Amino acid sequence: MSDPERRRAEAWKELVAAGEALLADFGHDSPGVEEAHLVGIGWATVDLERAERELGDAIGDGGSWTEAPRDALLGARAAVSRSGAAGEPIVVVLEPDTEGRLAAFLARHGEGIGAIFVTVRSGARPAPGAFGIPAGGPLGRGRHFTGARSGEPSTVVLDTDPRPS
């Protein structure tokens, strides 16, 4: 493995590890979401195109980003990279287009992982009021987990896993 390939592999491992760490904190106080699975990692940025280039270089994606549906839950336009191996998280670059959740995260923390996208096991019964109203987004329809504080990374629980089986 060459040095650039090794650096990309390490950058990918770090990104996924950070997403998994957020997942570990998700819902520990909410019954019914204990078995959540990380499906996507949302990178918050103020410049979508620059973030696509920089993340593409870091994760070895080579610039294969696709414009995705707007994230109504986070208040952001989005681009998606599906270049990872089957079963790996999808990387979503998010740029705020409203003064919503993502903008609050960026104001407090700057660029970084501003959201994770998860699925929960079929038939899970989360605590009443744990999720907001469903809306569409870059990885499909989901609901915002209401347990996160404003300005902290968001968790979006998707209705279905958008990754190929």
# chains A, B, ... in the order shown; residues from 1 in each chain; ligands from 1

call {"tool": "select_by_dssp", "arguments": {"residues": "chain A", "states": "helix (DSSP H, G or I)", "output": "VMD selection string"}}
result
chain A and resid 3 to 25 48 to 59 101 to 109

call {"tool": "write_last_selection", "arguments": {"atoms": "N, CA and C atoms", "output": "compact mmCIF listing (two decimals), in the first residue's frame"}}
result
# COMPACT_ATOMS: atom_id res chain seq x y z
N ASP A 3 1.88 5.36 0.39
CA ASP A 3 1.61 6.33 1.46
C ASP A 3 0.27 7.03 1.28
N PRO A 4 -0.07 7.54 0.07
CA PRO A 4 -1.39 8.17 -0.08
C PRO A 4 -2.54 7.21 0.20
N GLU A 5 -2.42 5.98 -0.24
CA GLU A 5 -3.47 5.00 0.03
C GLU A 5 -3.59 4.72 1.52
N ARG A 6 -2.46 4.65 2.20
CA ARG A 6 -2.45 4.41 3.64
C ARG A 6 -3.10 5.59 4.38
N ARG A 7 -2.76 6.82 3.95
CA ARG A 7 -3.36 8.00 4.59
C ARG A 7 -4.87 8.03 4.36
N ARG A 8 -5.32 7.69 3.14
CA ARG A 8 -6.77 7.66 2.88
C ARG A 8 -7.45 6.59 3.72
N ALA A 9 -6.83 5.44 3.85
CA ALA A 9 -7.42 4.37 4.67
C ALA A 9 -7.53 4.81 6.13
N GLU A 10 -6.52 5.49 6.63
CA GLU A 10 -6.55 5.98 8.01
C GLU A 10 -7.61 7.07 8.17
N ALA A 11 -7.71 7.98 7.19
CA ALA A 11 -8.72 9.04 7.25
C ALA A 11 -10.12 8.43 7.27
N TRP A 12 -10.32 7.39 6.45
CA TRP A 12 -11.62 6.72 6.42
C TRP A 12 -11.92 6.07 7.77
N LYS A 13 -10.94 5.38 8.33
CA LYS A 13 -11.13 4.72 9.63
C LYS A 13 -11.48 5.74 10.70
N GLU A 14 -10.80 6.89 10.69
CA GLU A 14 -11.07 7.94 11.68
C GLU A 14 -12.48 8.50 11.51
N LEU A 15 -12.89 8.72 10.27
CA LEU A 15 -14.23 9.25 10.02
C LEU A 15 -15.30 8.27 10.51
N VAL A 16 -15.15 7.01 10.17
CA VAL A 16 -16.11 6.00 10.60
C VAL A 16 -16.09 5.84 12.12
N ALA A 17 -14.90 5.86 12.72
CA ALA A 17 -14.80 5.74 14.18
C ALA A 17 -15.52 6.90 14.87
N ALA A 18 -15.39 8.11 14.32
CA ALA A 18 -16.09 9.26 14.90
C ALA A 18 -17.60 9.10 14.77
N GLY A 19 -18.06 8.60 13.62
CA GLY A 19 -19.48 8.33 13.44
C GLY A 19 -19.98 7.27 14.40
N GLU A 20 -19.20 6.21 14.58
CA GLU A 20 -19.56 5.14 15.52
C GLU A 20 -19.60 5.65 16.96
N ALA A 21 -18.71 6.59 17.30
CA ALA A 21 -18.71 7.16 18.65
C ALA A 21 -20.00 7.94 18.89
N LEU A 22 -20.46 8.69 17.89
CA LEU A 22 -21.73 9.40 18.02
C LEU A 22 -22.88 8.40 18.14
N LEU A 23 -22.81 7.32 17.37
CA LEU A 23 -23.83 6.28 17.44
C LEU A 23 -23.88 5.66 18.84
N ALA A 24 -22.73 5.47 19.46
CA ALA A 24 -22.68 4.87 20.79
C ALA A 24 -23.42 5.73 21.82
N ASP A 25 -23.42 7.06 21.61
CA ASP A 25 -24.12 7.97 22.52
C ASP A 25 -25.60 8.10 22.21
N LEU A 48 -19.94 23.57 0.23
CA LEU A 48 -20.18 22.21 -0.23
C LEU A 48 -19.12 21.73 -1.23
N GLU A 49 -18.83 22.54 -2.24
CA GLU A 49 -17.90 22.11 -3.28
C GLU A 49 -16.49 21.91 -2.74
N ARG A 50 -16.03 22.79 -1.87
CA ARG A 50 -14.69 22.63 -1.27
C ARG A 50 -14.64 21.38 -0.41
N ALA A 51 -15.68 21.17 0.39
CA ALA A 51 -15.72 19.98 1.25
C ALA A 51 -15.73 18.70 0.41
N GLU A 52 -16.43 18.71 -0.72
CA GLU A 52 -16.42 17.54 -1.60
C GLU A 52 -15.00 17.23 -2.06
N ARG A 53 -14.26 18.26 -2.48
CA ARG A 53 -12.87 18.06 -2.93
C ARG A 53 -12.00 17.53 -1.80
N GLU A 54 -12.08 18.19 -0.64
CA GLU A 54 -11.22 17.81 0.48
C GLU A 54 -11.56 16.42 1.02
N LEU A 55 -12.83 16.13 1.19
CA LEU A 55 -13.22 14.80 1.67
C LEU A 55 -12.91 13.75 0.62
N GLY A 56 -13.13 14.09 -0.65
CA GLY A 56 -12.81 13.15 -1.72
C GLY A 56 -11.35 12.77 -1.71
N ASP A 57 -10.48 13.76 -1.49
CA ASP A 57 -9.04 13.47 -1.39
C ASP A 57 -8.74 12.61 -0.17
N ALA A 58 -9.39 12.94 0.95
CA ALA A 58 -9.09 12.24 2.21
C ALA A 58 -9.58 10.80 2.21
N ILE A 59 -10.75 10.55 1.64
CA ILE A 59 -11.30 9.19 1.71
C ILE A 59 -11.09 8.40 0.43
N ARG A 101 -30.90 23.32 12.24
CA ARG A 101 -30.04 22.50 13.10
C ARG A 101 -28.58 22.49 12.64
N LEU A 102 -28.38 22.35 11.32
CA LEU A 102 -27.00 22.28 10.82
C LEU A 102 -26.28 23.61 11.01
N ALA A 103 -26.96 24.71 10.76
CA ALA A 103 -26.35 26.03 10.97
C ALA A 103 -25.97 26.22 12.44
N ALA A 104 -26.83 25.75 13.34
CA ALA A 104 -26.52 25.85 14.77
C ALA A 104 -25.29 25.03 15.12
N PHE A 105 -25.18 23.83 14.54
CA PHE A 105 -24.00 23.01 14.78
C PHE A 105 -22.74 23.72 14.30
N LEU A 106 -22.77 24.26 13.08
CA LEU A 106 -21.59 24.94 12.52
C LEU A 106 -21.19 26.16 13.35
N ALA A 107 -22.18 26.91 13.83
CA ALA A 107 -21.88 28.09 14.65
C ALA A 107 -21.19 27.69 15.95
N ARG A 108 -21.55 26.56 16.48
CA ARG A 108 -20.99 26.13 17.77
C ARG A 108 -19.66 25.38 17.62
N HIS A 109 -19.54 24.54 16.57
CA HIS A 109 -18.39 23.65 16.47
C HIS A 109 -17.51 23.85 15.24

call {"tool": "select_by_dssp", "arguments": {"residues": "stretch 13-119 of chain A", "states": "strand (DSSP E or B)", "output": "PyMOL selection string"}}
result
chain A and resi 37-44+65-71+76-81+90-96+112-119

call {"tool": "closest_residue", "arguments": {"among": "A:Pro134, A:Pro164, A:Gly110, A:Gly60", "to": "A:Glu152", "atoms": "only C-alpha atoms"}}
result
A:Gly110

call {"tool": "residues_around", "arguments": {"residues": "stretch 94-98 of chain A", "least_positions_apart": "2", "cutoff": "7 Å", "atoms": "only C-alpha atoms", "output": "PyMOL selection string"}}
result
chain A and resi 42-48+75-79+92+100+102-103
